$ cat upload.pdb   # PDB, C-alpha atoms
ATOM      1  CA  MET A   1     -12.452 -37.327 123.105
ATOM      2  CA  SER A   2     -10.253 -38.196 126.066
ATOM      3  CA  TYR A   3     -10.700 -41.189 128.355
ATOM      4  CA  ALA A   4      -9.109 -42.599 131.485
ATOM      5  CA  VAL A   5      -8.999 -46.183 132.675
ATOM      6  CA  GLY A   6     -12.342 -47.114 134.184
ATOM      7  CA  ASP A   7     -14.306 -44.537 132.234
ATOM      8  CA  ALA A   8     -17.642 -45.613 130.839
ATOM      9  CA  LEU A   9     -18.080 -45.288 127.074
ATOM     10  CA  PRO A  10     -21.221 -43.720 125.588
ATOM     11  CA  PRO A  11     -23.804 -46.488 125.104
ATOM     12  CA  PHE A  12     -25.156 -47.467 121.696
ATOM     13  CA  THR A  13     -28.778 -48.606 121.503
ATOM     14  CA  ILE A  14     -30.893 -50.344 118.886
ATOM     15  CA  GLU A  15     -34.421 -49.457 119.948
ATOM     16  CA  SER A  16     -35.997 -52.435 118.169
ATOM     17  CA  VAL A  17     -34.022 -55.128 116.368
ATOM     18  CA  SER A  18     -35.523 -55.303 112.909
ATOM     19  CA  PRO A  19     -36.691 -58.516 111.201
ATOM     20  CA  GLU A  20     -36.367 -56.632 107.905
ATOM     21  CA  ALA A  21     -32.679 -56.054 108.640
ATOM     22  CA  MET A  22     -32.315 -59.803 109.228
ATOM     23  CA  GLN A  23     -33.541 -60.352 105.676
ATOM     24  CA  GLN A  24     -30.826 -57.972 104.473
ATOM     25  CA  TRP A  25     -28.193 -59.787 106.534
ATOM     26  CA  ALA A  26     -29.199 -63.120 105.030
ATOM     27  CA  VAL A  27     -28.142 -61.598 101.700
ATOM     28  CA  PHE A  28     -24.992 -59.916 103.083
ATOM     29  CA  LEU A  29     -23.861 -63.222 104.599
ATOM     30  CA  ALA A  30     -25.127 -65.410 101.743
ATOM     31  CA  ASP A  31     -26.706 -67.515 104.476
ATOM     32  CA  PRO A  32     -30.472 -68.081 104.210
ATOM     33  CA  ASN A  33     -30.810 -69.878 107.570
ATOM     34  CA  PRO A  34     -34.585 -69.741 108.197
ATOM     35  CA  ILE A  35     -34.254 -69.085 111.945
ATOM     36  CA  HIS A  36     -33.462 -65.504 110.890
ATOM     37  CA  LEU A  37     -36.330 -65.257 108.423
ATOM     38  CA  ASP A  38     -39.302 -67.405 109.396
ATOM     39  CA  VAL A  39     -40.820 -67.292 112.854
ATOM     40  CA  GLU A  40     -42.590 -70.601 112.232
ATOM     41  CA  VAL A  41     -39.208 -72.304 111.848
ATOM     42  CA  VAL A  42     -38.021 -70.736 115.105
ATOM     43  CA  LYS A  43     -41.123 -72.071 116.856
ATOM     44  CA  ALA A  44     -40.763 -75.521 115.291
ATOM     45  CA  LYS A  45     -37.167 -75.747 116.531
ATOM     46  CA  GLY A  46     -38.215 -74.724 120.036
ATOM     47  CA  LEU A  47     -35.997 -71.641 119.928
ATOM     48  CA  GLY A  48     -38.621 -69.042 120.785
ATOM     49  CA  ASP A  49     -41.428 -67.191 119.101
ATOM     50  CA  ARG A  50     -39.537 -64.449 117.252
ATOM     51  CA  VAL A  51     -36.917 -64.506 114.502
ATOM     52  CA  ILE A  52     -33.303 -64.615 115.726
ATOM     53  CA  ASN A  53     -30.809 -61.934 114.792
ATOM     54  CA  GLN A  54     -27.656 -62.992 112.958
ATOM     55  CA  GLY A  55     -24.668 -63.130 115.322
ATOM     56  CA  PRO A  56     -22.449 -60.894 113.178
ATOM     57  CA  ALA A  57     -25.102 -58.154 113.317
ATOM     58  CA  ASN A  58     -24.751 -58.217 117.096
ATOM     59  CA  VAL A  59     -20.997 -57.829 116.681
ATOM     60  CA  ALA A  60     -21.656 -54.876 114.375
ATOM     61  CA  TYR A  61     -23.686 -53.164 117.133
ATOM     62  CA  MET A  62     -20.710 -53.517 119.479
ATOM     63  CA  MET A  63     -18.386 -52.138 116.805
ATOM     64  CA  ASN A  64     -20.754 -49.194 116.350
ATOM     65  CA  MET A  65     -20.454 -48.336 120.035
ATOM     66  CA  LEU A  66     -16.657 -48.358 119.715
ATOM     67  CA  MET A  67     -16.631 -46.275 116.522
ATOM     68  CA  ARG A  68     -18.938 -43.689 118.107
ATOM     69  CA  ALA A  69     -16.829 -43.589 121.264
ATOM     70  CA  PHE A  70     -13.569 -43.124 119.354
ATOM     71  CA  PRO A  71     -14.228 -40.949 116.285
ATOM     72  CA  GLY A  72     -11.332 -41.325 113.867
ATOM     73  CA  GLY A  73     -10.025 -44.325 115.805
ATOM     74  CA  ARG A  74      -9.536 -47.760 114.330
ATOM     75  CA  ILE A  75     -10.421 -51.152 115.760
ATOM     76  CA  LYS A  76      -7.177 -53.133 115.722
ATOM     77  CA  ALA A  77      -8.443 -56.296 117.390
ATOM     78  CA  MET A  78     -11.710 -57.527 118.802
ATOM     79  CA  ASP A  79     -13.032 -60.669 120.458
ATOM     80  CA  SER A  80     -16.723 -61.410 120.897
ATOM     81  CA  ARG A  81     -18.528 -64.140 122.806
ATOM     82  CA  PHE A  82     -22.055 -65.200 121.965
ATOM     83  CA  LEU A  83     -23.987 -65.956 125.133
ATOM     84  CA  ASP A  84     -27.620 -65.877 124.028
ATOM     85  CA  ASN A  85     -29.847 -64.942 121.114
ATOM     86  CA  VAL A  86     -31.075 -61.492 120.145
ATOM     87  CA  TYR A  87     -34.634 -61.608 118.822
ATOM     88  CA  GLY A  88     -36.635 -59.425 116.505
ATOM     89  CA  GLY A  89     -38.145 -56.552 118.449
ATOM     90  CA  ASP A  90     -35.538 -56.661 121.216
ATOM     91  CA  ARG A  91     -34.187 -53.381 122.586
ATOM     92  CA  ALA A  92     -30.436 -53.947 122.582
ATOM     93  CA  THR A  93     -27.838 -51.704 124.212
ATOM     94  CA  VAL A  94     -24.049 -51.845 124.085
ATOM     95  CA  THR A  95     -22.173 -50.484 127.078
ATOM     96  CA  GLY A  96     -18.470 -50.553 127.758
ATOM     97  CA  THR A  97     -15.565 -49.248 129.772
ATOM     98  CA  VAL A  98     -11.927 -48.390 129.191
ATOM     99  CA  ALA A  99      -9.796 -51.230 130.573
ATOM    100  CA  ALA A 100      -6.285 -50.009 129.748
ATOM    101  CA  ILE A 101      -4.452 -47.264 127.883
ATOM    102  CA  ASP A 102      -1.018 -47.740 126.338
ATOM    103  CA  GLY A 103       0.022 -44.741 124.269
ATOM    104  CA  ASN A 104      -2.336 -44.569 121.300
ATOM    105  CA  SER A 105      -3.780 -47.983 122.068
ATOM    106  CA  ILE A 106      -6.918 -48.229 124.209
ATOM    107  CA  SER A 107      -8.317 -51.529 125.447
ATOM    108  CA  CYS A 108     -12.033 -51.755 126.143
ATOM    109  CA  ALA A 109     -14.473 -54.289 127.529
ATOM    110  CA  PHE A 110     -18.139 -54.220 126.615
ATOM    111  CA  THR A 111     -21.406 -56.094 126.606
ATOM    112  CA  LEU A 112     -24.542 -56.191 124.512
ATOM    113  CA  ASP A 113     -27.582 -56.384 126.744
ATOM    114  CA  VAL A 114     -31.195 -56.978 125.825
ATOM    115  CA  GLU A 115     -33.943 -55.358 127.838
ATOM    116  CA  GLY A 116     -35.435 -57.888 130.211
ATOM    117  CA  ARG A 117     -32.941 -60.691 129.514
ATOM    118  CA  GLY A 118     -29.520 -59.284 130.327
ATOM    119  CA  THR A 119     -26.214 -59.842 128.581
ATOM    120  CA  VAL A 120     -26.309 -61.693 125.256
ATOM    121  CA  ASN A 121     -22.842 -60.821 123.918
ATOM    122  CA  SER A 122     -19.625 -59.725 125.530
ATOM    123  CA  GLY A 123     -16.316 -58.658 124.135
ATOM    124  CA  THR A 124     -13.004 -56.894 124.320
ATOM    125  CA  ALA A 125     -11.263 -54.737 121.771
ATOM    126  CA  THR A 126      -8.161 -52.686 121.187
ATOM    127  CA  ILE A 127      -8.638 -49.329 119.492
ATOM    128  CA  GLU A 128      -5.867 -47.299 117.910
ATOM    129  CA  VAL A 129      -6.546 -43.585 118.329
TER     130      VAL A 129
ATOM    131  CA  MET B 130     -12.758 -93.165 132.232
ATOM    132  CA  SER B 131     -14.517 -90.041 130.968
ATOM    133  CA  ASP B 132     -18.044 -90.457 129.639
ATOM    134  CA  LEU B 133     -16.676 -89.023 126.379
ATOM    135  CA  ASP B 134     -14.636 -92.206 126.081
ATOM    136  CA  THR B 135     -17.837 -94.068 125.319
ATOM    137  CA  LEU B 136     -18.614 -91.810 122.363
ATOM    138  CA  PRO B 137     -17.087 -92.009 118.902
ATOM    139  CA  PRO B 138     -14.448 -89.319 118.358
ATOM    140  CA  ALA B 139     -15.234 -86.113 116.515
ATOM    141  CA  PRO B 140     -14.597 -86.320 112.772
ATOM    142  CA  ASP B 141     -11.029 -85.528 111.770
ATOM    143  CA  ALA B 142     -11.623 -82.115 110.216
ATOM    144  CA  ALA B 143      -8.506 -80.231 111.314
ATOM    145  CA  GLY B 144      -6.507 -78.999 108.369
ATOM    146  CA  ILE B 145      -9.337 -78.938 105.848
ATOM    147  CA  SER B 146      -8.735 -75.974 103.549
ATOM    148  CA  LEU B 147     -11.164 -73.082 103.440
ATOM    149  CA  ASP B 148      -9.222 -71.196 100.770
ATOM    150  CA  GLY B 149     -11.612 -69.283  98.573
ATOM    151  CA  THR B 150     -11.635 -69.058  94.816
ATOM    152  CA  ARG B 151     -13.836 -66.015  94.416
ATOM    153  CA  VAL B 152     -13.088 -62.334  94.835
ATOM    154  CA  PHE B 153     -15.147 -60.274  97.284
ATOM    155  CA  THR B 154     -15.562 -56.583  96.573
ATOM    156  CA  ILE B 155     -17.186 -54.329  99.173
ATOM    157  CA  SER B 156     -19.632 -52.207  97.212
ATOM    158  CA  ALA B 157     -20.551 -48.726  98.378
ATOM    159  CA  GLU B 158     -24.229 -49.553  98.011
ATOM    160  CA  GLU B 159     -24.073 -52.698 100.130
ATOM    161  CA  ASN B 160     -21.825 -51.068 102.735
ATOM    162  CA  ALA B 161     -24.327 -48.232 103.102
ATOM    163  CA  ALA B 162     -27.218 -50.674 103.474
ATOM    164  CA  LEU B 163     -25.292 -52.743 106.009
ATOM    165  CA  CYS B 164     -24.341 -49.681 108.068
ATOM    166  CA  ARG B 165     -27.912 -48.390 108.106
ATOM    167  CA  SER B 166     -29.242 -51.821 109.069
ATOM    168  CA  THR B 167     -27.146 -51.524 112.247
ATOM    169  CA  GLY B 168     -28.163 -47.980 113.088
ATOM    170  CA  ILE B 169     -25.311 -45.881 111.724
ATOM    171  CA  GLU B 170     -24.468 -43.983 108.553
ATOM    172  CA  PRO B 171     -21.593 -45.187 106.348
ATOM    173  CA  ALA B 172     -18.221 -43.510 106.859
ATOM    174  CA  SER B 173     -17.315 -40.692 104.496
ATOM    175  CA  ASP B 174     -13.608 -41.583 104.324
ATOM    176  CA  GLY B 175     -13.956 -44.686 102.154
ATOM    177  CA  THR B 176     -13.634 -47.192 104.958
ATOM    178  CA  ALA B 177     -16.161 -49.998 105.101
ATOM    179  CA  HIS B 178     -17.907 -51.164 108.250
ATOM    180  CA  PRO B 179     -15.375 -53.342 110.105
ATOM    181  CA  ILE B 180     -17.940 -56.137 110.428
ATOM    182  CA  TYR B 181     -17.013 -56.917 106.836
ATOM    183  CA  TYR B 182     -14.214 -58.899 108.463
ATOM    184  CA  TYR B 183     -16.885 -61.521 109.106
ATOM    185  CA  VAL B 184     -19.092 -60.926 106.069
ATOM    186  CA  ALA B 185     -16.315 -60.975 103.475
ATOM    187  CA  THR B 186     -14.526 -63.996 104.902
ATOM    188  CA  GLN B 187     -17.747 -66.004 105.206
ATOM    189  CA  VAL B 188     -18.973 -65.172 101.722
ATOM    190  CA  ALA B 189     -15.631 -65.656  99.933
ATOM    191  CA  MET B 190     -14.229 -68.635 101.816
ATOM    192  CA  GLY B 191     -13.988 -71.889  99.930
ATOM    193  CA  LYS B 192     -17.054 -73.504 101.490
ATOM    194  CA  THR B 193     -20.561 -72.370 102.298
ATOM    195  CA  VAL B 194     -21.779 -72.498 105.896
ATOM    196  CA  ALA B 195     -23.503 -75.758 105.008
ATOM    197  CA  GLY B 196     -20.282 -76.971 103.415
ATOM    198  CA  VAL B 197     -18.241 -76.223 106.531
ATOM    199  CA  CYS B 198     -20.808 -78.168 108.567
ATOM    200  CA  GLU B 199     -20.681 -81.019 106.072
ATOM    201  CA  ALA B 200     -16.886 -81.136 106.414
ATOM    202  CA  CYS B 201     -17.555 -81.728 110.119
ATOM    203  CA  GLU B 202     -20.156 -84.410 109.293
ATOM    204  CA  PHE B 203     -22.830 -82.114 110.723
ATOM    205  CA  ASP B 204     -26.171 -81.243 109.129
ATOM    206  CA  VAL B 205     -26.567 -77.467 108.964
ATOM    207  CA  ASP B 206     -30.286 -77.973 109.657
ATOM    208  CA  ASP B 207     -29.343 -79.216 113.144
ATOM    209  CA  GLY B 208     -28.433 -75.641 114.062
ATOM    210  CA  PRO B 209     -24.791 -74.619 114.326
ATOM    211  CA  MET B 210     -24.348 -71.859 116.917
ATOM    212  CA  MET B 211     -21.733 -69.143 117.037
ATOM    213  CA  GLY B 212     -19.554 -69.441 120.117
ATOM    214  CA  SER B 213     -17.030 -66.694 119.632
ATOM    215  CA  SER B 214     -15.335 -64.617 116.985
ATOM    216  CA  GLY B 215     -12.022 -62.825 117.080
ATOM    217  CA  VAL B 216     -10.285 -60.603 114.567
ATOM    218  CA  LYS B 217      -6.977 -58.811 114.204
ATOM    219  CA  PHE B 218      -6.825 -56.097 111.562
ATOM    220  CA  ASP B 219      -3.617 -55.165 109.743
ATOM    221  CA  ALA B 220      -5.422 -52.492 107.720
ATOM    222  CA  PRO B 221      -8.911 -51.017 107.508
ATOM    223  CA  LEU B 222     -11.395 -52.507 105.049
ATOM    224  CA  MET B 223     -12.157 -50.216 102.156
ATOM    225  CA  VAL B 224     -15.213 -49.712  99.965
ATOM    226  CA  GLY B 225     -14.514 -50.555  96.324
ATOM    227  CA  THR B 226     -11.567 -52.784  97.218
ATOM    228  CA  SER B 227     -11.429 -56.446  96.241
ATOM    229  CA  TYR B 228     -10.319 -59.185  98.580
ATOM    230  CA  LYS B 229      -9.707 -62.932  98.587
ATOM    231  CA  VAL B 230      -9.752 -65.443 101.439
ATOM    232  CA  THR B 231      -7.464 -68.175 102.682
ATOM    233  CA  GLY B 232      -8.059 -70.335 105.702
ATOM    234  CA  GLU B 233      -8.475 -73.706 107.291
ATOM    235  CA  ILE B 234     -10.243 -75.629 110.007
ATOM    236  CA  LEU B 235      -8.040 -75.593 113.106
ATOM    237  CA  SER B 236      -9.840 -78.117 115.277
ATOM    238  CA  LEU B 237     -13.026 -80.036 115.940
ATOM    239  CA  ILE B 238     -13.268 -81.174 119.538
ATOM    240  CA  ARG B 239     -16.043 -83.267 121.075
ATOM    241  CA  LYS B 240     -17.274 -82.084 124.464
ATOM    242  CA  ARG B 241     -20.234 -82.543 126.754
ATOM    243  CA  SER B 242     -22.044 -79.586 128.292
ATOM    244  CA  ARG B 243     -24.800 -79.552 130.883
ATOM    245  CA  LYS B 244     -26.848 -77.197 128.728
ATOM    246  CA  LEU B 245     -26.337 -78.664 125.252
ATOM    247  CA  GLY B 246     -25.327 -82.266 125.862
ATOM    248  CA  VAL B 247     -22.744 -83.664 123.441
ATOM    249  CA  MET B 248     -21.370 -81.083 121.064
ATOM    250  CA  ASP B 249     -18.460 -80.597 118.731
ATOM    251  CA  VAL B 250     -16.588 -77.315 119.063
ATOM    252  CA  LEU B 251     -15.337 -76.168 115.679
ATOM    253  CA  THR B 252     -12.559 -73.600 115.379
ATOM    254  CA  TYR B 253     -11.553 -72.258 111.989
ATOM    255  CA  ARG B 254      -9.239 -69.479 110.853
ATOM    256  CA  LEU B 255      -9.711 -67.220 107.848
ATOM    257  CA  ARG B 256      -7.465 -64.526 106.434
ATOM    258  CA  LEU B 257      -8.510 -61.721 104.133
ATOM    259  CA  HIS B 258      -6.003 -60.545 101.539
ATOM    260  CA  LEU B 259      -5.745 -57.888  98.899
ATOM    261  CA  LEU B 260      -5.480 -59.413  95.452
ATOM    262  CA  ASP B 261      -1.684 -58.881  95.554
ATOM    263  CA  GLY B 262      -1.567 -61.177  98.568
ATOM    264  CA  THR B 263      -1.142 -58.535 101.275
ATOM    265  CA  GLN B 264      -2.978 -59.729 104.396
ATOM    266  CA  VAL B 265      -5.440 -57.239 105.871
ATOM    267  CA  LEU B 266      -6.905 -59.328 108.682
ATOM    268  CA  GLU B 267      -7.047 -62.708 110.380
ATOM    269  CA  THR B 268     -10.132 -64.048 112.124
ATOM    270  CA  ASP B 269     -10.753 -67.105 114.281
ATOM    271  CA  ASN B 270     -14.334 -68.243 114.666
ATOM    272  CA  VAL B 271     -15.715 -70.864 117.026
ATOM    273  CA  TRP B 272     -18.979 -72.626 116.330
ATOM    274  CA  VAL B 273     -20.806 -75.062 118.547
ATOM    275  CA  LEU B 274     -22.298 -78.045 116.728
ATOM    276  CA  PRO B 275     -24.832 -79.784 119.010
ATOM    277  CA  ARG B 276     -24.775 -83.549 118.416
ATOM    278  CA  LYS B 277     -28.381 -84.446 119.013
ATOM    279  CA  GLU B 278     -27.759 -88.013 117.888
ATOM    280  CA  PHE B 279     -25.844 -88.593 121.131
ATOM    281  CA  ALA B 280     -28.588 -87.245 123.378
ATOM    282  CA  ALA B 281     -29.094 -89.470 126.411
TER     283      ALA B 281
END

$ encode --input "upload.pdb" --output "structure tokens"
Amino acid sequence: MSYAVGDALPPFTIESVSPEAMQQWAVFLADPNPIHLDVEVVKAKGLGDRVINQGPANVAYMMNMLMRAFPGGRIKAMDSRFLDNVYGGDRATVTGTVAAIDGNSISCAFTLDVEGRGTVNSGTATIEV
Amino acid sequence: MSDLDTLPPAPDAAGISLDGTRVFTISAEENAALCRSTGIEPASDGTAHPIYYYVATQVAMGKTVAGVCEACEFDVDDGPMMGSSGVKFDAPLMVGTSYKVTGEILSLIRKRSRKLGVMDVLTYRLRLHLLDGTQVLETDNVWVLPRKEFAA
């Protein structure tokens, strides 16, 4: 796949962020924070009325967009900013563009957006192709 | 005089070691489950999902999430929030490979924000190594620790 600076990358979408996956991530991360597992805790803390996705899972969605856009490529560096929560049931889409190309190194900028609420994560990455 | 001058300083946490003592091995079974939980199939070339940069370093660092908060004199039940995360890979992460973690808290800085009020901004650095010591990645994570006890 060949890109030029300014090109849009193919989006990656999670149709519905899964509360069951959050239970898996609590195990992956060895972090049983109840805001990811128990909607009553989320309500009691005034954080909303749905369980909150783990931040690293959101980063994984952004990595998935990059890996799909650059088959065989390798993420060399990546920075992510957490701007808002992703909730169970959200439709989340990663979109990005090519910011720079230097030989085999491609720099990208991207965001994770949730339907109805806008950007919840943003980031940049360098991919070696 | 800044209004922060009227607050006690953030705890002196910089330099606290986060070196791990346990070995983290990325299992094929867990990697497959993690990949599928994010909407993709696991790679067929033996590489693990790169998000293991975060998973492996968090699980195998020398403190739990609650322990890191405690080192900052912060109760994990008060809700630490991720601010940012950065990583630089020296090599891909591989299924079936074992890793160990070194790291430390870089800084804990007290700030005031319009949205969150008084908060401490924690920055810590973790490195993932092969068991022979070869570094495979370095990650800097920033957490926001809202200090509700200083709410106006």

$ interface_residues --input "upload.pdb" --of "chain B" --to "chain A" --cutoff "10 Å" --atoms "all atoms listed in the file" --output "JSON, numbers by chain"
{"B": [159, 160, 162, 163, 164, 165, 166, 167, 168, 169, 174, 178, 179, 180, 181, 182, 183, 184, 185, 186, 187, 188, 189, 193, 194, 195, 205, 206, 207, 208, 210, 211, 212, 213, 214, 215, 216, 217, 218, 219, 220, 221, 266, 267, 268, 269, 270, 271, 272]}

$ residues_near_point --input "upload.pdb" --point "(-11.9, -59.7, 100.3)" --cutoff "12 Å" --atoms "all atoms listed in the file" --output "VMD selection string"
chain B and resid 148 to 156 177 181 to 190 221 to 231 255 to 267

$ write_last_selection --input "upload.pdb" --atoms "C-alpha atoms" --output "mmCIF file, in the coordinates of the input"
data_model
loop_
_atom_site.group_PDB
_atom_site.id
_atom_site.type_symbol
_atom_site.label_atom_id
_atom_site.label_comp_id
_atom_site.auth_asym_id
_atom_site.auth_seq_id
_atom_site.Cartn_x
_atom_site.Cartn_y
_atom_site.Cartn_z
ATOM 1 C CA ASP B 148 -9.222 -71.196 100.770
ATOM 2 C CA GLY B 149 -11.612 -69.283 98.573
ATOM 3 C CA THR B 150 -11.635 -69.058 94.816
ATOM 4 C CA ARG B 151 -13.836 -66.015 94.416
ATOM 5 C CA VAL B 152 -13.088 -62.334 94.835
ATOM 6 C CA PHE B 153 -15.147 -60.274 97.284
ATOM 7 C CA THR B 154 -15.562 -56.583 96.573
ATOM 8 C CA ILE B 155 -17.186 -54.329 99.173
ATOM 9 C CA SER B 156 -19.632 -52.207 97.212
ATOM 10 C CA ALA B 177 -16.161 -49.998 105.101
ATOM 11 C CA TYR B 181 -17.013 -56.917 106.836
ATOM 12 C CA TYR B 182 -14.214 -58.899 108.463
ATOM 13 C CA TYR B 183 -16.885 -61.521 109.106
ATOM 14 C CA VAL B 184 -19.092 -60.926 106.069
ATOM 15 C CA ALA B 185 -16.315 -60.975 103.475
ATOM 16 C CA THR B 186 -14.526 -63.996 104.902
ATOM 17 C CA GLN B 187 -17.747 -66.004 105.206
ATOM 18 C CA VAL B 188 -18.973 -65.172 101.722
ATOM 19 C CA ALA B 189 -15.631 -65.656 99.933
ATOM 20 C CA MET B 190 -14.229 -68.635 101.816
ATOM 21 C CA PRO B 221 -8.911 -51.017 107.508
ATOM 22 C CA LEU B 222 -11.395 -52.507 105.049
ATOM 23 C CA MET B 223 -12.157 -50.216 102.156
ATOM 24 C CA VAL B 224 -15.213 -49.712 99.965
ATOM 25 C CA GLY B 225 -14.514 -50.555 96.324
ATOM 26 C CA THR B 226 -11.567 -52.784 97.218
ATOM 27 C CA SER B 227 -11.429 -56.446 96.241
ATOM 28 C CA TYR B 228 -10.319 -59.185 98.580
ATOM 29 C CA LYS B 229 -9.707 -62.932 98.587
ATOM 30 C CA VAL B 230 -9.752 -65.443 101.439
ATOM 31 C CA THR B 231 -7.464 -68.175 102.682
ATOM 32 C CA LEU B 255 -9.711 -67.220 107.848
ATOM 33 C CA ARG B 256 -7.465 -64.526 106.434
ATOM 34 C CA LEU B 257 -8.510 -61.721 104.133
ATOM 35 C CA HIS B 258 -6.003 -60.545 101.539
ATOM 36 C CA LEU B 259 -5.745 -57.888 98.899
ATOM 37 C CA LEU B 260 -5.480 -59.413 95.452
ATOM 38 C CA ASP B 261 -1.684 -58.881 95.554
ATOM 39 C CA GLY B 262 -1.567 -61.177 98.568
ATOM 40 C CA THR B 263 -1.142 -58.535 101.275
ATOM 41 C CA GLN B 264 -2.978 -59.729 104.396
ATOM 42 C CA VAL B 265 -5.440 -57.239 105.871
ATOM 43 C CA LEU B 266 -6.905 -59.328 108.682
ATOM 44 C CA GLU B 267 -7.047 -62.708 110.380
#

$ residues_near_point --input "upload.pdb" --point "(-18.6, -87.8, 113.0)" --cutoff "6 Å" --atoms "all atoms listed in the file" --output "MDAnalysis selection string"
chainID B and resid 139:140 202

$ resolve_selection --input "upload.pdb" --expression "the PyMOL selection byres ((chain B and resi 246-254) around 7)" --output "list in words"
Ala139, Gly232, Glu233, Ile234, Leu235, Ser236, Leu237, Ile238, Arg239, Lys240, Arg241, Ser242, Arg243, Lys244, Leu245, Leu255, Arg256, Thr268, Asp269, Asn270, Val271, Trp272, Val273, Leu274, Pro275, Arg276, Phe279 and Ala280 of chain B

$ atom_distance --input "upload.pdb" --atom1 "CA of Val94 (chain A)" --atom2 "CA of Glu40 (chain A)"
28.9 Å
